[in-house]
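File shown: final06.txt. Contents: compact mmCIF, C-alpha atoms.
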# COMPACT_ATOMS: atom_id res chain seq x y z
CA MET A 16 148.56 204.73 203.77
CA PRO A 17 150.47 204.14 207.05
CA PRO A 18 151.73 207.19 208.92
CA PRO A 19 155.40 208.15 208.33
CA GLY A 20 156.29 206.93 211.83
CA GLU A 21 155.01 203.45 211.10
CA LEU A 22 156.86 203.33 207.78
CA GLN A 23 160.05 204.33 209.55
CA ALA A 24 159.51 201.66 212.23
CA THR A 25 158.83 198.99 209.62
CA ALA A 26 161.96 199.90 207.68
CA SER A 27 163.93 199.83 210.93
CA ASP A 28 162.59 196.33 211.79
CA VAL A 29 163.51 195.05 208.34
CA GLY A 30 166.98 196.49 208.72
CA LEU A 31 167.42 194.90 212.15
CA ARG A 32 166.28 191.50 210.87
CA SER A 33 168.62 191.78 207.89
CA TRP A 34 171.51 192.76 210.19
CA ALA A 35 170.75 189.84 212.54
CA ARG A 36 170.57 187.42 209.62
CA THR A 37 173.88 188.69 208.25
CA ARG A 38 175.55 188.25 211.63
CA ARG A 39 174.06 184.76 211.99
CA ASP A 40 175.30 183.75 208.54
CA ALA A 41 178.75 185.19 209.27
CA ARG A 42 178.92 183.27 212.56
CA ARG A 43 177.86 180.07 210.79
CA TRP A 44 180.56 180.49 208.14
CA ARG A 45 183.21 181.20 210.82
CA GLU A 46 182.15 178.09 212.69
CA ARG A 47 182.32 175.92 209.57
CA THR A 48 185.70 177.36 208.57
CA ILE A 49 187.11 176.52 212.00
CA ILE A 50 185.72 172.98 211.72
CA VAL A 51 187.31 172.41 208.28
CA VAL A 52 190.70 173.84 209.35
CA ALA A 53 190.66 171.80 212.57
CA LEU A 54 189.87 168.58 210.68
CA ALA A 55 192.66 169.24 208.15
CA LEU A 56 195.18 169.90 210.94
CA TYR A 57 194.03 166.85 212.87
CA ALA A 58 194.27 164.58 209.81
CA GLY A 59 197.78 165.85 209.04
CA LEU A 60 199.01 165.36 212.60
CA LEU A 61 197.39 161.92 212.75
CA ALA A 62 199.05 160.82 209.51
CA LEU A 63 202.44 162.01 210.79
CA ALA A 64 202.01 160.29 214.15
CA TRP A 65 200.82 157.12 212.39
CA GLN A 66 203.96 156.92 210.23
CA VAL A 67 206.29 157.62 213.15
CA ALA A 68 204.57 155.02 215.37
CA PHE A 69 204.71 152.30 212.72
CA LYS A 70 208.38 152.96 212.08
CA LEU A 71 209.20 152.69 215.77
CA LEU A 72 206.91 149.73 216.51
CA PRO A 73 207.95 146.35 215.00
CA ASP A 74 205.32 144.25 213.23
CA THR A 75 206.38 141.16 215.18
CA LEU A 76 207.32 140.79 218.85
CA THR A 77 208.81 137.69 220.46
CA TRP A 78 209.05 136.92 224.18
CA HIS A 79 210.98 134.03 225.70
CA VAL A 80 209.16 132.68 228.76
CA ALA A 81 210.23 129.52 230.61
CA GLY A 82 212.13 128.24 227.59
CA HIS A 83 209.25 128.88 225.17
CA ALA A 84 209.10 131.56 222.48
CA LEU A 85 205.85 133.54 222.43
CA ARG A 86 205.40 135.34 219.15
CA LEU A 87 202.90 138.09 218.32
CA ALA A 88 202.70 138.80 214.57
CA ASN A 89 200.88 141.34 212.37
CA ILE A 90 200.89 143.95 215.13
CA HIS A 91 200.39 146.80 212.65
CA ASP A 92 197.22 145.22 211.23
CA ARG A 93 195.86 144.49 214.70
CA ILE A 94 196.34 148.09 215.77
CA ALA A 95 195.12 149.61 212.52
CA GLY A 96 191.54 148.33 212.80
CA ASN A 97 190.64 149.97 216.10
CA ALA A 98 192.93 152.95 215.58
CA LEU A 99 191.35 153.76 212.22
CA VAL A 100 187.88 153.82 213.74
CA MET A 101 188.77 155.61 216.97
CA LEU A 102 191.34 158.08 215.65
CA PHE A 103 190.07 158.94 212.17
CA LEU A 104 186.67 157.64 211.04
CA LEU A 105 184.77 158.66 214.17
CA PRO A 106 186.38 162.13 214.51
CA ALA A 107 185.88 162.74 210.77
CA ALA A 108 182.20 161.76 211.01
CA LEU A 109 181.69 164.02 214.05
CA TRP A 110 183.42 166.93 212.30
CA LEU A 111 181.44 166.38 209.12
CA GLU A 112 178.19 166.38 211.07
CA CYS A 113 179.19 169.62 212.81
CA LEU A 114 179.86 171.11 209.41
CA PHE A 115 176.27 170.41 208.34
CA VAL A 116 174.27 170.94 211.54
CA GLY A 117 176.50 173.26 213.61
CA TRP A 118 177.74 172.73 217.15
CA ARG A 119 174.36 173.00 218.92
CA GLY A 120 172.78 170.22 216.88
CA SER A 121 175.81 167.96 216.72
CA SER A 122 176.28 164.48 218.19
CA LEU A 123 179.51 165.72 219.78
CA ARG A 124 177.60 168.23 221.92
CA HIS A 125 174.85 165.70 222.70
CA MET A 126 177.44 163.10 223.70
CA PHE A 127 179.59 165.23 226.02
CA VAL A 128 177.58 168.31 227.04
CA VAL A 129 173.89 167.36 227.14
CA PRO A 130 173.77 163.55 226.78
CA SER A 131 170.37 161.88 226.97
CA ALA A 132 169.99 158.47 228.62
CA SER A 133 169.69 156.89 225.16
CA ILE A 134 172.95 158.46 223.98
CA ARG A 135 174.68 157.27 227.17
CA THR A 136 173.76 153.75 226.05
CA ASP A 137 175.33 154.45 222.65
CA ILE A 138 178.53 155.61 224.38
CA ALA A 139 178.60 152.46 226.51
CA PHE A 140 178.15 150.22 223.48
CA PHE A 141 180.83 152.04 221.51
CA LEU A 142 183.36 151.64 224.31
CA LEU A 143 182.45 147.97 224.82
CA SER A 144 182.77 147.24 221.10
CA GLN A 145 186.16 148.96 220.84
CA ALA A 146 187.34 146.89 223.81
CA HIS A 147 186.16 143.76 221.90
CA PHE A 148 183.83 142.86 224.77
CA ILE A 149 180.90 142.67 222.35
CA ASP A 150 182.81 140.23 220.11
CA ILE A 151 183.75 138.00 223.04
CA ALA A 152 180.22 138.05 224.48
CA GLY A 153 178.79 137.24 221.06
CA LYS A 154 181.01 134.17 220.70
CA LEU A 155 179.86 132.91 224.10
CA MET A 156 176.16 133.72 223.59
CA MET A 157 175.98 132.06 220.17
CA LEU A 158 177.76 128.91 221.34
CA GLY A 159 180.80 129.54 219.17
CA ALA A 160 178.84 130.02 215.92
CA SER A 161 180.85 133.13 215.09
CA MET A 162 184.04 131.08 215.15
CA ILE A 163 183.11 129.64 211.72
CA SER A 164 185.77 130.86 209.36
CA SER A 165 185.07 132.07 205.86
CA PHE A 166 188.08 130.04 204.76
CA LEU A 167 186.39 126.84 205.95
CA ILE A 168 183.27 127.74 203.98
CA ARG A 169 185.38 128.47 200.94
CA ASP A 170 187.19 125.14 201.25
CA TRP A 171 183.85 123.35 201.52
CA LEU A 172 182.59 125.04 198.36
CA ARG A 173 185.75 124.06 196.51
CA ALA A 174 185.58 120.45 197.70
CA SER A 175 181.83 120.12 197.06
CA PHE A 176 181.50 121.85 193.70
CA GLY A 177 185.05 121.79 192.35
CA PHE A 178 185.31 125.46 191.52
CA GLU A 179 186.42 128.69 193.12
CA ILE A 180 185.30 132.22 192.32
CA SER A 181 187.82 135.03 192.69
CA ALA A 182 187.79 138.71 191.78
CA ALA A 183 191.50 139.09 192.52
CA GLY A 184 192.32 139.75 188.86
CA LEU A 185 190.30 142.98 188.79
CA PRO A 186 191.80 146.40 189.65
CA LEU A 187 191.49 147.21 193.35
CA PRO A 188 188.81 149.95 192.93
CA LEU A 189 186.62 147.54 190.93
CA GLN A 190 187.12 144.81 193.54
CA ILE A 191 186.04 147.22 196.27
CA ALA A 192 182.96 148.34 194.32
CA LEU A 193 182.01 144.74 193.45
CA TYR A 194 182.46 143.41 196.96
CA PHE A 195 180.58 146.36 198.48
CA ALA A 196 177.68 145.64 196.11
CA ILE A 197 177.63 142.00 197.24
CA TYR A 198 178.04 143.08 200.85
CA SER A 199 175.12 145.50 200.56
CA PHE A 200 172.94 142.76 199.03
CA PHE A 201 173.64 140.43 201.96
CA ASP A 202 173.22 143.35 204.35
CA TYR A 203 169.77 144.04 202.92
CA TRP A 204 168.51 140.47 203.35
CA THR A 205 170.10 139.82 206.75
CA HIS A 206 168.62 143.11 207.91
CA ARG A 207 165.18 141.96 206.78
CA VAL A 208 165.69 138.69 208.63
CA ASP A 209 166.62 140.70 211.75
CA HIS A 210 163.16 142.27 211.56
CA THR A 211 161.33 138.93 211.52
CA ARG A 212 159.59 137.72 214.67
CA TYR A 213 162.34 135.17 215.37
CA PHE A 214 165.31 137.53 215.35
CA TRP A 215 163.70 140.86 216.26
CA PRO A 216 164.45 140.50 220.03
CA LEU A 217 168.18 140.65 219.22
CA HIS A 218 167.90 143.51 216.72
CA ARG A 219 165.45 145.44 218.90
CA TYR A 220 168.25 146.85 221.07
CA HIS A 221 169.59 148.78 218.11
CA HIS A 222 166.16 150.25 217.38
CA ALA A 223 165.59 151.13 221.04
CA ALA A 224 167.63 154.33 220.58
CA GLN A 225 165.47 157.40 221.12
CA ASP A 226 168.01 159.86 219.72
CA PHE A 227 170.16 159.60 216.62
CA CYS A 228 173.87 159.91 217.32
CA VAL A 229 176.92 159.15 215.17
CA ILE A 230 177.93 156.21 217.36
CA ASN A 231 174.40 154.74 217.41
CA ALA A 232 175.66 152.30 214.73
CA ASN A 233 177.57 150.41 217.46
CA ARG A 234 174.43 149.74 219.51
CA GLU A 235 174.11 146.06 218.51
CA HIS A 236 173.25 143.05 220.65
CA PRO A 237 176.35 140.80 220.84
CA ALA A 238 174.25 137.72 220.01
CA ALA A 239 172.98 139.12 216.69
CA ILE A 240 173.99 135.99 214.78
CA VAL A 241 172.40 136.90 211.45
CA SER A 242 175.00 139.55 210.68
CA LEU A 243 177.79 136.96 210.95
CA PHE A 244 177.02 135.80 207.42
CA LEU A 245 177.32 139.36 206.18
CA ILE A 246 181.09 138.94 206.05
CA ASN A 247 181.61 135.19 205.88
CA LEU A 248 179.55 134.15 202.87
CA PRO A 249 180.53 136.91 200.40
CA MET A 250 184.16 136.61 201.46
CA ALA A 251 184.05 132.84 201.01
CA THR A 252 182.41 132.86 197.60
CA LEU A 253 184.32 135.77 196.06
CA GLY A 254 187.68 135.22 197.71
CA ALA A 255 188.10 138.86 198.67
CA THR A 256 191.67 139.78 199.60
CA PRO A 257 192.50 141.27 203.01
CA ALA A 258 193.11 144.66 201.38
CA VAL A 259 189.65 144.66 199.80
CA MET A 260 188.05 143.61 203.09
CA ILE A 261 189.76 146.47 204.88
CA TYR A 262 188.54 149.07 202.38
CA VAL A 263 184.99 147.68 202.32
CA ASN A 264 184.79 147.58 206.11
CA VAL A 265 186.12 151.12 206.35
CA THR A 266 183.39 152.20 203.92
CA VAL A 267 180.70 150.33 205.87
CA THR A 268 181.87 151.75 209.21
CA ALA A 269 181.99 155.31 207.88
CA LEU A 270 178.54 154.95 206.30
CA GLY A 271 177.18 153.57 209.58
CA PHE A 272 178.39 156.70 211.37
CA ILE A 273 176.87 159.01 208.75
CA ILE A 274 173.41 157.41 208.46
CA HIS A 275 172.97 157.53 212.25
CA SER A 276 174.08 161.16 212.43
CA ARG A 277 171.87 164.18 213.06
CA ILE A 278 172.37 165.51 209.52
CA ASN A 279 168.94 166.40 208.11
CA SER A 280 169.54 165.53 204.47
CA ASP A 281 168.33 162.90 202.01
CA PHE A 282 171.46 163.36 199.79
CA GLY A 283 169.21 163.89 196.75
CA TRP A 284 169.38 161.24 194.01
CA PHE A 285 172.57 159.85 195.60
CA GLY A 286 170.65 159.02 198.78
CA ARG A 287 167.76 157.54 196.82
CA TYR A 288 169.80 155.10 194.73
CA VAL A 289 173.49 154.85 195.73
CA LEU A 290 174.05 155.13 199.51
CA GLN A 291 171.40 155.52 202.19
CA SER A 292 171.00 158.95 203.79
CA PRO A 293 170.38 159.88 207.46
CA THR A 294 166.74 160.89 206.81
CA HIS A 295 165.98 157.63 205.02
CA HIS A 296 167.55 155.65 207.86
CA ARG A 297 165.57 157.63 210.41
CA LEU A 298 162.40 156.50 208.61
CA HIS A 299 163.65 152.93 209.08
CA HIS A 300 163.95 153.59 212.85
CA LYS A 301 160.47 155.14 213.22
CA LEU A 302 158.46 154.40 216.35
CA ASP A 303 155.08 154.43 214.60
CA MET A 304 154.71 150.96 213.11
CA SER A 305 151.17 151.40 211.79
CA HIS A 306 152.86 151.10 208.40
CA PRO A 307 155.63 148.45 208.02
CA THR A 308 159.18 149.70 208.16
CA GLY A 309 161.39 149.79 205.09
CA HIS A 310 164.75 151.21 203.97
CA PHE A 311 166.73 148.11 204.96
CA GLY A 312 169.67 148.51 202.61
CA MET A 313 172.89 150.51 202.84
CA ALA A 314 172.50 150.69 199.07
CA PRO A 315 168.89 151.87 198.44
CA ILE A 316 168.77 150.13 195.08
CA TRP A 317 167.85 146.89 196.88
CA ASP A 318 164.86 148.58 198.57
CA HIS A 319 163.69 149.80 195.18
CA LEU A 320 164.08 146.35 193.63
CA PHE A 321 162.38 144.43 196.45
CA GLY A 322 159.57 146.85 197.28
CA THR A 323 160.66 148.27 200.65
CA TRP A 324 161.31 151.86 199.57
CA TYR A 325 158.73 154.07 201.30
CA GLY A 326 159.88 157.65 200.69
CA ASP A 327 161.44 160.41 202.74
CA ALA A 328 161.47 161.64 206.34
CA ASP A 329 163.28 164.24 208.41
CA GLN A 330 165.01 164.54 211.75
CA SER A 331 161.77 165.43 213.55
CA LEU A 332 160.40 161.88 213.12
CA VAL A 333 160.07 160.08 216.48
CA ILE A 334 162.21 156.93 216.67
CA GLY A 335 162.40 153.99 219.07
CA VAL A 336 160.47 150.85 220.03
CA GLU A 337 157.45 150.18 222.22
CA THR A 338 159.35 147.73 224.45
CA PRO A 339 160.60 149.63 227.54
CA TYR A 340 164.37 150.07 227.91
CA ARG A 341 166.26 151.49 230.87
CA HIS A 342 168.84 153.41 228.79
CA GLY A 343 171.97 154.85 230.33
CA PHE A 344 175.40 153.34 230.95
CA TRP A 345 174.11 150.12 232.56
CA VAL A 346 173.23 147.94 229.56
CA GLY A 347 173.50 144.46 231.06
CA ALA A 348 169.92 143.89 232.24
CA ASP A 349 168.31 144.76 228.91
CA LEU A 350 170.85 142.67 226.98
CA VAL A 351 170.02 139.63 229.11
CA ARG A 352 166.27 140.28 228.78
CA ASP A 353 166.50 140.48 224.97
CA TYR A 354 168.66 137.36 224.84
CA TRP A 355 166.07 135.49 226.92
CA ASP A 356 163.25 136.79 224.71
CA PHE A 357 165.11 135.50 221.64
CA TRP A 358 165.57 131.93 222.85
CA THR A 359 162.21 131.53 224.58
CA GLY A 360 160.38 133.07 221.64
CA PHE A 361 162.22 130.89 219.15
CA PHE A 362 161.53 127.59 220.92
CA ARG A 363 157.97 128.55 221.85
CA ARG A 364 157.12 129.28 218.21
CA ARG A 365 158.92 126.14 217.03
CA ALA A 366 156.85 124.05 219.46
CA SER A 367 153.53 125.62 218.45
Whole structure given in structure tokens:
Amino acid sequence: MPPPGELQATASDVGLRSWARTRRDARRWRERTIIVVALALYAGLLALAWQVAFKLLPDTLTWHVAGHALRLANIHDRIAGNALVMLFLLPAALWLECLFVGWRGSSLRHMFVVPSASIRTDIAFFLLSQAHFIDIAGKLMMLGASMISSFLIRDWLRASFGFEISAAGLPLPLQIALYFAIYSFFDYWTHRVDHTRYFWPLHRYHHAAQDFCVINANREHPAAIVSLFLINLPMATLGATPAVMIYVNVTVTALGFIIHSRINSDFGWFGRYVLQSPTHHRLHHKLDMSHPTGHFGMAPIWDHLFGTWYGDADQSLVIGVETPYRHGFWVGADLVRDYWDFWTGFFRRRAS
């Protein structure tokens, strides 16, 4: 039996550990409460500012220059796309991540306080994409292929086969669910094509990230042509309305932020069958390719159906690619290198 002094010391240590744990839990709850209140206040102020701005700003502007009328229409829709991502979806995703992982583990801290070179690249890509530089560069790099309109495809289908499919008669929530299901199916197969030897050089830049960060979803090579069909073909065949497209794209953008976040969760059954979780997507980004990668789909059901579901992972799994990347704010050299690898590899393999 231990001496009374040792018993007293042991009891004291247990008490200190319990006190420290209680303080840590209290601090965590205070932190999460502040995050929730801040997000609610921010959302309310944003909604108010949004309504005021749209009331003051006309939807159409006309300038008269040298006897000609220059007209800019649908201003509200043009602003809404970028504003929704920059002012609501991204802040909400960052706040949500903080709620789960705390400030020290959050993307927000790793973006602005202790950014790694890889996360600096993510920041650069996010800013370039919001400035539409990536879209413009993609149109130039793919020789105008992205200029193909879904409406032209739809007209061709109507002229060639004499019929037109439309889900416009369904209630809006059902249209959104249906189109997202079709979108996720195309996303799954185009993602698998991106991982083939022909298109991997263009998709490789996305996988070059060495740290997960909410905005990692924007790290995409501008010449990634395969993803063009992700929107065009489903929209052409189903005749999705602009409202449905907006809601589906909002869902896809928000999910892209979440699955690239630092949240260490598999979302349980929901992450296994409905929407992909951050841990499952981290397994897709793994550096160790001794076993083929899987988890291609935003909706995991496609991985289950087509045999690419490989199980679970966690945030400690090392991610990246073997090809060396410079990382940091200067992204031009690696983009050009990957673009060159794509074309030379494609024609070399075609010739062999």
For Ala108 of chain A, work out the shell of residues within 12 Å, counting all atoms listed in the file and skipping chain neighbours fewer than 6 positions away, then give it as a PDB file with C-alpha atoms, keeping the file's coordinate frame.
ATOM      1  CA  ILE A  50     185.720 172.980 211.720  1.00  0.00           C
ATOM      2  CA  LEU A  54     189.870 168.580 210.680  1.00  0.00           C
ATOM      3  CA  VAL A 100     187.880 153.820 213.740  1.00  0.00           C
ATOM      4  CA  MET A 101     188.770 155.610 216.970  1.00  0.00           C
ATOM      5  CA  LEU A 102     191.340 158.080 215.650  1.00  0.00           C
ATOM      6  CA  LEU A 114     179.860 171.110 209.410  1.00  0.00           C
ATOM      7  CA  PHE A 115     176.270 170.410 208.340  1.00  0.00           C
ATOM      8  CA  SER A 121     175.810 167.960 216.720  1.00  0.00           C
ATOM      9  CA  SER A 122     176.280 164.480 218.190  1.00  0.00           C
ATOM     10  CA  LEU A 123     179.510 165.720 219.780  1.00  0.00           C
ATOM     11  CA  CYS A 228     173.870 159.910 217.320  1.00  0.00           C
ATOM     12  CA  VAL A 229     176.920 159.150 215.170  1.00  0.00           C
ATOM     13  CA  ILE A 230     177.930 156.210 217.360  1.00  0.00           C
ATOM     14  CA  THR A 266     183.390 152.200 203.920  1.00  0.00           C
ATOM     15  CA  THR A 268     181.870 151.750 209.210  1.00  0.00           C
ATOM     16  CA  ALA A 269     181.990 155.310 207.880  1.00  0.00           C
ATOM     17  CA  LEU A 270     178.540 154.950 206.300  1.00  0.00           C
ATOM     18  CA  GLY A 271     177.180 153.570 209.580  1.00  0.00           C
ATOM     19  CA  PHE A 272     178.390 156.700 211.370  1.00  0.00           C
ATOM     20  CA  ILE A 273     176.870 159.010 208.750  1.00  0.00           C
ATOM     21  CA  ILE A 274     173.410 157.410 208.460  1.00  0.00           C
ATOM     22  CA  HIS A 275     172.970 157.530 212.250  1.00  0.00           C
ATOM     23  CA  SER A 276     174.080 161.160 212.430  1.00  0.00           C
ATOM     24  CA  ARG A 277     171.870 164.180 213.060  1.00  0.00           C
ATOM     25  CA  ILE A 278     172.370 165.510 209.520  1.00  0.00           C
TER      26      ILE A 278
END
- Point-to-point distance in Å for atom CA of Phe282 of chain A and atom CA of Trp110 of chain A: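 Between atom CA of Trp110 of chain A and atom CA of Phe282 of chain A the gap works out to 17.7 Å.
The nearest approach to Ile191 of chain A among the residues A:Trp284, A:Phe321, A:Tyr262, A:Phe361, with only C-alpha atoms taken into account, belongs to A:Tyr262.
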- Provide the atom CA of Trp345 of chain A to atom CA of Asp137 of chain A distance in Å, to one decimal place.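 Computing it gives 10.9 Å between the two atoms.
For Leu193 of chain A, the list of residues within 9 Å, based on only C-alpha atoms and with local chain neighbours fewer than 5 positions off taken out, reads Ala182, Pro188 and Tyr198 of chain A.
Taking all atoms listed in the file into account, Asp327 of chain A lies nearest to A:Leu298 out of the set A:Ala314, A:Leu56, A:Leu298, A:Leu72.
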- Radius query 7 Å about (171.2, 154.7, 201.5), atoms used: only C-alpha atoms, as a list in words: Gly286, Arg287, Tyr288, Val289, Leu290, Gln291, Ser292, His295, Gly312, Met313, Ala314 and Pro315 of chain A
Residues just named, written with C-alpha atoms as a PDB file, in the coordinates of the input:
ATOM      1  CA  GLY A 286     170.650 159.020 198.780  1.00  0.00           C
ATOM      2  CA  ARG A 287     167.760 157.540 196.820  1.00  0.00           C
ATOM      3  CA  TYR A 288     169.800 155.100 194.730  1.00  0.00           C
ATOM      4  CA  VAL A 289     173.490 154.850 195.730  1.00  0.00           C
ATOM      5  CA  LEU A 290     174.050 155.130 199.510  1.00  0.00           C
ATOM      6  CA  GLN A 291     171.400 155.520 202.190  1.00  0.00           C
ATOM      7  CA  SER A 292     171.000 158.950 203.790  1.00  0.00           C
ATOM      8  CA  HIS A 295     165.980 157.630 205.020  1.00  0.00           C
ATOM      9  CA  GLY A 312     169.670 148.510 202.610  1.00  0.00           C
ATOM     10  CA  MET A 313     172.890 150.510 202.840  1.00  0.00           C
ATOM     11  CA  ALA A 314     172.500 150.690 199.070  1.00  0.00           C
ATOM     12  CA  PRO A 315     168.890 151.870 198.440  1.00  0.00           C
TER      13      PRO A 315
END
- Message: Need the shell around His210 of chain A: protein/DNA/RNA residues with any atom at most 12 Å away, counting only C-alpha atoms. Skip same-chain ones fewer than 2 positions apart. Format as an NGL selection string?
- Response: :A and (203-208 or 212-222 or 239 or 241 or 299-300 or 307-311)
- To one decimal place, how far is atom CA of Pro257 of chain A from atom CA of Ile316 of chain A in Å?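 Atom-to-atom, atom CA of Pro257 of chain A to atom CA of Ile316 of chain A, that is 26.5 Å.
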Quick one: what's the axis-aligned box for segment 115-124 of chain A, all listed atoms, 3 Å on every side, centre and edges in Å to one decimal, as lines of an AutoDock Vina configuration file?
center_x = 176.1
center_y = 168.9
center_z = 215.1
size_x = 12.7
size_y = 14.8
size_z = 19.6
- Which one of A:Met126, A:Val263, A:Gly283, A:His236 sits closest to Gly326 of chain A if you count all atoms listed in the file?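 Of all the options, A:Gly283 lies closest to Gly326 of chain A.
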